[in-house]
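In what follows, a structure is listed as structure tokens, so that the remarks can point back to it.
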Amino acid sequence: MDRRSFVLVAASALFVDPSVSEAQHARTHRIGILASGTASAERQRFDDVTRGLNELDYAEGRNVQLERRYAAGRFEALPALAVDLVQQKADVIVCMSTLAARAARTTSGSIPIVFATVADPVAEGF
């Protein structure tokens with residue numbers, strides 16, 4: 001999956017009911033981003049997400065709020081970071097690794113989880 005496809009899938013997870021399209025623009029959507037790496041290591045991927053959202057007329061600070069959480073290589077921190085995103089009432093959680101997706105899945109049963117780089121989602125039980 002290329003970056004543009006990923007961004008479109010992630011954004012569409014927020015907007016599954018077309019009957020509320022105008023109302024969706026009026027509200028601020030909270031997107032939780034959960035990453036195993038550091039902010040600098042993940043910058044390019046998240047810049048691509050932001051660009052894709054902008055192409056769909058969603059802008060951070062206007063109608064989208066990005067809640068970024070980075071484990072910085074401390075994989076044991078991922079579950080606590082996922083809990084924080086749930087407490088922040090994220091509308092969707094975007095995960096950039098298998099470990100991040102696993103942590104998000106065990107933390108929330110009701111928030112949609114979008115992941116990009118999981119090697120074998122079926123084997124992982126996703």
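By order in the structure tokens, chains are A, B, ...; within a chain, residues start at 1; ligands start at 1, following the order shown.
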
Notebook entry, point to check: Which polymer residues have any atom within 8 Å of an atom of Thr28 (chain A), counting only C-alpha atoms, with same-chain residues fewer than 4 positions away left out, as a PyMOL selection string?
Noted result: chain A and resi 24+62-65

Would you save the residues of that selection, restricted to all heavy atoms, as a PDB file, in the first residue's frame?
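Saved as result38.pdb:
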ATOM      1  N   GLN A  24     -19.735  16.750   9.636  1.00  0.00           N
ATOM      2  CA  GLN A  24     -18.402  16.275   9.957  1.00  0.00           C
ATOM      3  C   GLN A  24     -17.397  17.418   9.874  1.00  0.00           C
ATOM      4  O   GLN A  24     -16.462  17.488  10.647  1.00  0.00           O
ATOM      5  CB  GLN A  24     -17.968  15.153   9.016  1.00  0.00           C
ATOM      6  CG  GLN A  24     -18.772  13.890   9.150  1.00  0.00           C
ATOM      7  CD  GLN A  24     -18.442  13.118  10.412  1.00  0.00           C
ATOM      8  OE1 GLN A  24     -18.172  13.688  11.465  1.00  0.00           O
ATOM      9  NE2 GLN A  24     -18.474  11.826  10.326  1.00  0.00           N
ATOM     10  N   ARG A  62      -7.970  23.375  12.639  1.00  0.00           N
ATOM     11  CA  ARG A  62      -9.255  23.865  12.130  1.00  0.00           C
ATOM     12  C   ARG A  62     -10.351  22.835  12.375  1.00  0.00           C
ATOM     13  O   ARG A  62     -11.328  23.121  13.039  1.00  0.00           O
ATOM     14  CB  ARG A  62      -9.164  24.200  10.639  1.00  0.00           C
ATOM     15  CG  ARG A  62     -10.466  24.765  10.083  1.00  0.00           C
ATOM     16  CD  ARG A  62     -10.316  25.331   8.679  1.00  0.00           C
ATOM     17  NE  ARG A  62      -9.556  24.499   7.786  1.00  0.00           N
ATOM     18  CZ  ARG A  62     -10.107  23.649   6.907  1.00  0.00           C
ATOM     19  NH1 ARG A  62     -11.404  23.519   6.818  1.00  0.00           N
ATOM     20  NH2 ARG A  62      -9.340  22.932   6.105  1.00  0.00           N
ATOM     21  N   ASN A  63     -10.184  21.632  11.818  1.00  0.00           N
ATOM     22  CA  ASN A  63     -11.200  20.598  12.007  1.00  0.00           C
ATOM     23  C   ASN A  63     -10.601  19.227  12.337  1.00  0.00           C
ATOM     24  O   ASN A  63     -11.317  18.234  12.382  1.00  0.00           O
ATOM     25  CB  ASN A  63     -12.136  20.509  10.793  1.00  0.00           C
ATOM     26  CG  ASN A  63     -11.384  20.352   9.487  1.00  0.00           C
ATOM     27  OD1 ASN A  63     -10.180  20.151   9.477  1.00  0.00           O
ATOM     28  ND2 ASN A  63     -12.100  20.455   8.387  1.00  0.00           N
ATOM     29  N   VAL A  64      -9.313  19.181  12.554  1.00  0.00           N
ATOM     30  CA  VAL A  64      -8.619  17.950  12.946  1.00  0.00           C
ATOM     31  C   VAL A  64      -7.606  18.289  14.028  1.00  0.00           C
ATOM     32  O   VAL A  64      -6.907  19.302  13.941  1.00  0.00           O
ATOM     33  CB  VAL A  64      -7.878  17.302  11.750  1.00  0.00           C
ATOM     34  CG1 VAL A  64      -7.001  16.153  12.190  1.00  0.00           C
ATOM     35  CG2 VAL A  64      -8.857  16.825  10.696  1.00  0.00           C
ATOM     36  N   GLN A  65      -7.574  17.447  15.035  1.00  0.00           N
ATOM     37  CA  GLN A  65      -6.545  17.563  16.067  1.00  0.00           C
ATOM     38  C   GLN A  65      -5.768  16.257  16.079  1.00  0.00           C
ATOM     39  O   GLN A  65      -6.348  15.184  16.241  1.00  0.00           O
ATOM     40  CB  GLN A  65      -7.165  17.813  17.434  1.00  0.00           C
ATOM     41  CG  GLN A  65      -6.137  17.984  18.517  1.00  0.00           C
ATOM     42  CD  GLN A  65      -6.773  18.362  19.848  1.00  0.00           C
ATOM     43  OE1 GLN A  65      -7.921  18.741  19.910  1.00  0.00           O
ATOM     44  NE2 GLN A  65      -6.000  18.225  20.902  1.00  0.00           N
TER      45      GLN A  65
END

Excluding Leu81 (chain A) and residues on its chain fewer than 2 positions from it, collect all residues at most 9 Å away from it, counting only C-alpha atoms, and give them as a compact mmCIF listing (two decimals) with N, CA, C and O atoms, in the first residue's frame.
# COMPACT_ATOMS: atom_id res chain seq x y z
N LEU A 34 -0.03 6.62 17.13
CA LEU A 34 0.78 5.83 18.05
C LEU A 34 1.95 5.22 17.29
O LEU A 34 1.75 4.47 16.34
N ARG A 69 1.73 10.28 19.88
CA ARG A 69 2.39 9.62 21.01
C ARG A 69 3.51 8.75 20.45
O ARG A 69 3.28 7.92 19.56
N TYR A 70 4.72 8.96 20.96
CA TYR A 70 5.91 8.25 20.48
C TYR A 70 6.53 7.45 21.62
O TYR A 70 6.81 8.01 22.68
N ALA A 71 6.80 6.19 21.38
CA ALA A 71 7.44 5.35 22.40
C ALA A 71 8.95 5.52 22.41
O ALA A 71 9.61 5.13 23.36
N ALA A 77 6.37 1.03 26.69
CA ALA A 77 5.58 2.23 26.94
C ALA A 77 4.34 2.31 26.06
O ALA A 77 3.43 3.10 26.33
N LEU A 78 4.27 1.51 25.01
CA LEU A 78 3.16 1.60 24.06
C LEU A 78 1.78 1.42 24.70
O LEU A 78 0.87 2.19 24.40
N PRO A 79 1.57 0.43 25.58
CA PRO A 79 0.23 0.30 26.18
C PRO A 79 -0.22 1.55 26.94
O PRO A 79 -1.38 1.98 26.81
N VAL A 83 -3.43 3.92 26.09
CA VAL A 83 -4.44 4.29 27.10
C VAL A 83 -4.63 5.81 27.10
O VAL A 83 -5.76 6.31 27.17
N ASP A 84 -3.55 6.56 26.99
CA ASP A 84 -3.64 8.01 26.97
C ASP A 84 -4.47 8.49 25.77
O ASP A 84 -5.29 9.39 25.90
N LEU A 85 -4.28 7.87 24.60
CA LEU A 85 -5.06 8.25 23.42
C LEU A 85 -6.54 7.95 23.62
O LEU A 85 -7.40 8.73 23.20
N VAL A 86 -6.85 6.84 24.27
CA VAL A 86 -8.24 6.51 24.57
C VAL A 86 -8.82 7.56 25.53
O VAL A 86 -9.94 8.05 25.34
N ALA A 103 -0.89 -2.86 20.99
CA ALA A 103 -1.17 -2.08 22.20
C ALA A 103 -2.50 -1.35 22.09
O ALA A 103 -3.30 -1.35 23.03
N ALA A 104 -2.78 -0.77 20.93
CA ALA A 104 -4.04 -0.06 20.74
C ALA A 104 -5.22 -1.02 20.79
O ALA A 104 -6.25 -0.72 21.39

Next item on the list: Give me, please, the distance in Å between CA of Asp57 (chain A) and CA of Ile113 (chain A), quoted to one decimal.
Entry: 21.7 Å

Margin query: With only C-alpha atoms as the counted atoms, please give the residues lying no more than 12 Å from Gly73 (chain A), apart from itself and same-chain residues fewer than 6 positions off, as a list of chain:residue names.
Written below: A:Ala35, A:Ser36, A:Gly37, A:Thr38, A:Ala39, A:Ala41, A:Glu42, A:Ser97, A:Leu99, A:Ala100

Write a file of the just-selected residues containing N, CA, C and O atoms, as a PDB file, in the first residue's frame.
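Contents of the output file result_24.pdb:
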ATOM      1  N   ALA A  35       3.159   5.577  17.696  1.00  0.00           N
ATOM      2  CA  ALA A  35       4.352   5.125  16.990  1.00  0.00           C
ATOM      3  C   ALA A  35       5.371   4.551  17.962  1.00  0.00           C
ATOM      4  O   ALA A  35       5.497   5.011  19.092  1.00  0.00           O
ATOM      5  N   SER A  36       6.110   3.563  17.485  1.00  0.00           N
ATOM      6  CA  SER A  36       7.153   2.933  18.288  1.00  0.00           C
ATOM      7  C   SER A  36       8.430   3.753  18.326  1.00  0.00           C
ATOM      8  O   SER A  36       9.202   3.666  19.273  1.00  0.00           O
ATOM      9  N   GLY A  37       8.648   4.551  17.279  1.00  0.00           N
ATOM     10  CA  GLY A  37       9.892   5.308  17.160  1.00  0.00           C
ATOM     11  C   GLY A  37       9.817   6.681  17.793  1.00  0.00           C
ATOM     12  O   GLY A  37       8.932   6.990  18.586  1.00  0.00           O
ATOM     13  N   THR A  38      10.760   7.522  17.404  1.00  0.00           N
ATOM     14  CA  THR A  38      10.828   8.902  17.891  1.00  0.00           C
ATOM     15  C   THR A  38      10.090   9.832  16.937  1.00  0.00           C
ATOM     16  O   THR A  38       9.811   9.466  15.793  1.00  0.00           O
ATOM     17  N   ALA A  39       9.805  11.025  17.391  1.00  0.00           N
ATOM     18  CA  ALA A  39       9.139  12.004  16.538  1.00  0.00           C
ATOM     19  C   ALA A  39       9.952  12.278  15.274  1.00  0.00           C
ATOM     20  O   ALA A  39       9.398  12.333  14.177  1.00  0.00           O
ATOM     21  N   ALA A  41      12.140  10.326  13.795  1.00  0.00           N
ATOM     22  CA  ALA A  41      12.187   9.139  12.930  1.00  0.00           C
ATOM     23  C   ALA A  41      10.867   8.938  12.184  1.00  0.00           C
ATOM     24  O   ALA A  41      10.859   8.411  11.072  1.00  0.00           O
ATOM     25  N   GLU A  42       9.774   9.356  12.764  1.00  0.00           N
ATOM     26  CA  GLU A  42       8.450   9.152  12.170  1.00  0.00           C
ATOM     27  C   GLU A  42       7.956  10.364  11.388  1.00  0.00           C
ATOM     28  O   GLU A  42       6.904  10.315  10.769  1.00  0.00           O
ATOM     29  N   SER A  97       3.182   0.447  13.570  1.00  0.00           N
ATOM     30  CA  SER A  97       3.933  -0.791  13.742  1.00  0.00           C
ATOM     31  C   SER A  97       3.021  -1.863  14.326  1.00  0.00           C
ATOM     32  O   SER A  97       1.944  -1.564  14.846  1.00  0.00           O
ATOM     33  N   LEU A  99       3.630  -3.648  17.000  1.00  0.00           N
ATOM     34  CA  LEU A  99       3.556  -3.468  18.449  1.00  0.00           C
ATOM     35  C   LEU A  99       2.588  -2.355  18.839  1.00  0.00           C
ATOM     36  O   LEU A  99       1.844  -2.489  19.816  1.00  0.00           O
ATOM     37  N   ALA A 100       2.577  -1.275  18.087  1.00  0.00           N
ATOM     38  CA  ALA A 100       1.653  -0.177  18.376  1.00  0.00           C
ATOM     39  C   ALA A 100       0.209  -0.623  18.142  1.00  0.00           C
ATOM     40  O   ALA A 100      -0.675  -0.333  18.957  1.00  0.00           O
TER      41      ALA A 100
END

Next item on the list: Excluding Val118 (chain A) and residues on its chain fewer than 6 positions from it, collect all residues at most 12 Å away from it, counting only C-alpha atoms, and give them as an NGL selection string.
Entry: :A and (1 or 94-102 or 124-126)

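Distance annotation: of A:Ile31, A:Ala119, A:Asp47, A:Ala26, the residue with the minimal separation from Ile93 (chain A) is A:Ile31; atom set is only C-alpha atoms.
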
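The spacing separating CA of His29 (chain A) from CA of Leu66 (chain A) amounts to 8.4 Å.
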
Notebook entry, point to check: Please, what distance in Å, to one decimal, runs between CA of Val114 (chain A) and CA of Asp91 (chain A)?
Noted result: 11.1 Å

Next item on the list: Just list the residues in region 27-99 of chain A DSSP gives strand (DSSP E) on the backbone, as a PyMOL selection string.
Entry: chain A and resi 29-35+64-70+92-95

Note to self: Going by DSSP on the backbone, which residues of region 22-126 of chain A come out as alpha helix (DSSP H)? List them as number ranges by chain.
What the structure shows: A: 22-26, 39-55, 78-87, 98-107, 121-124
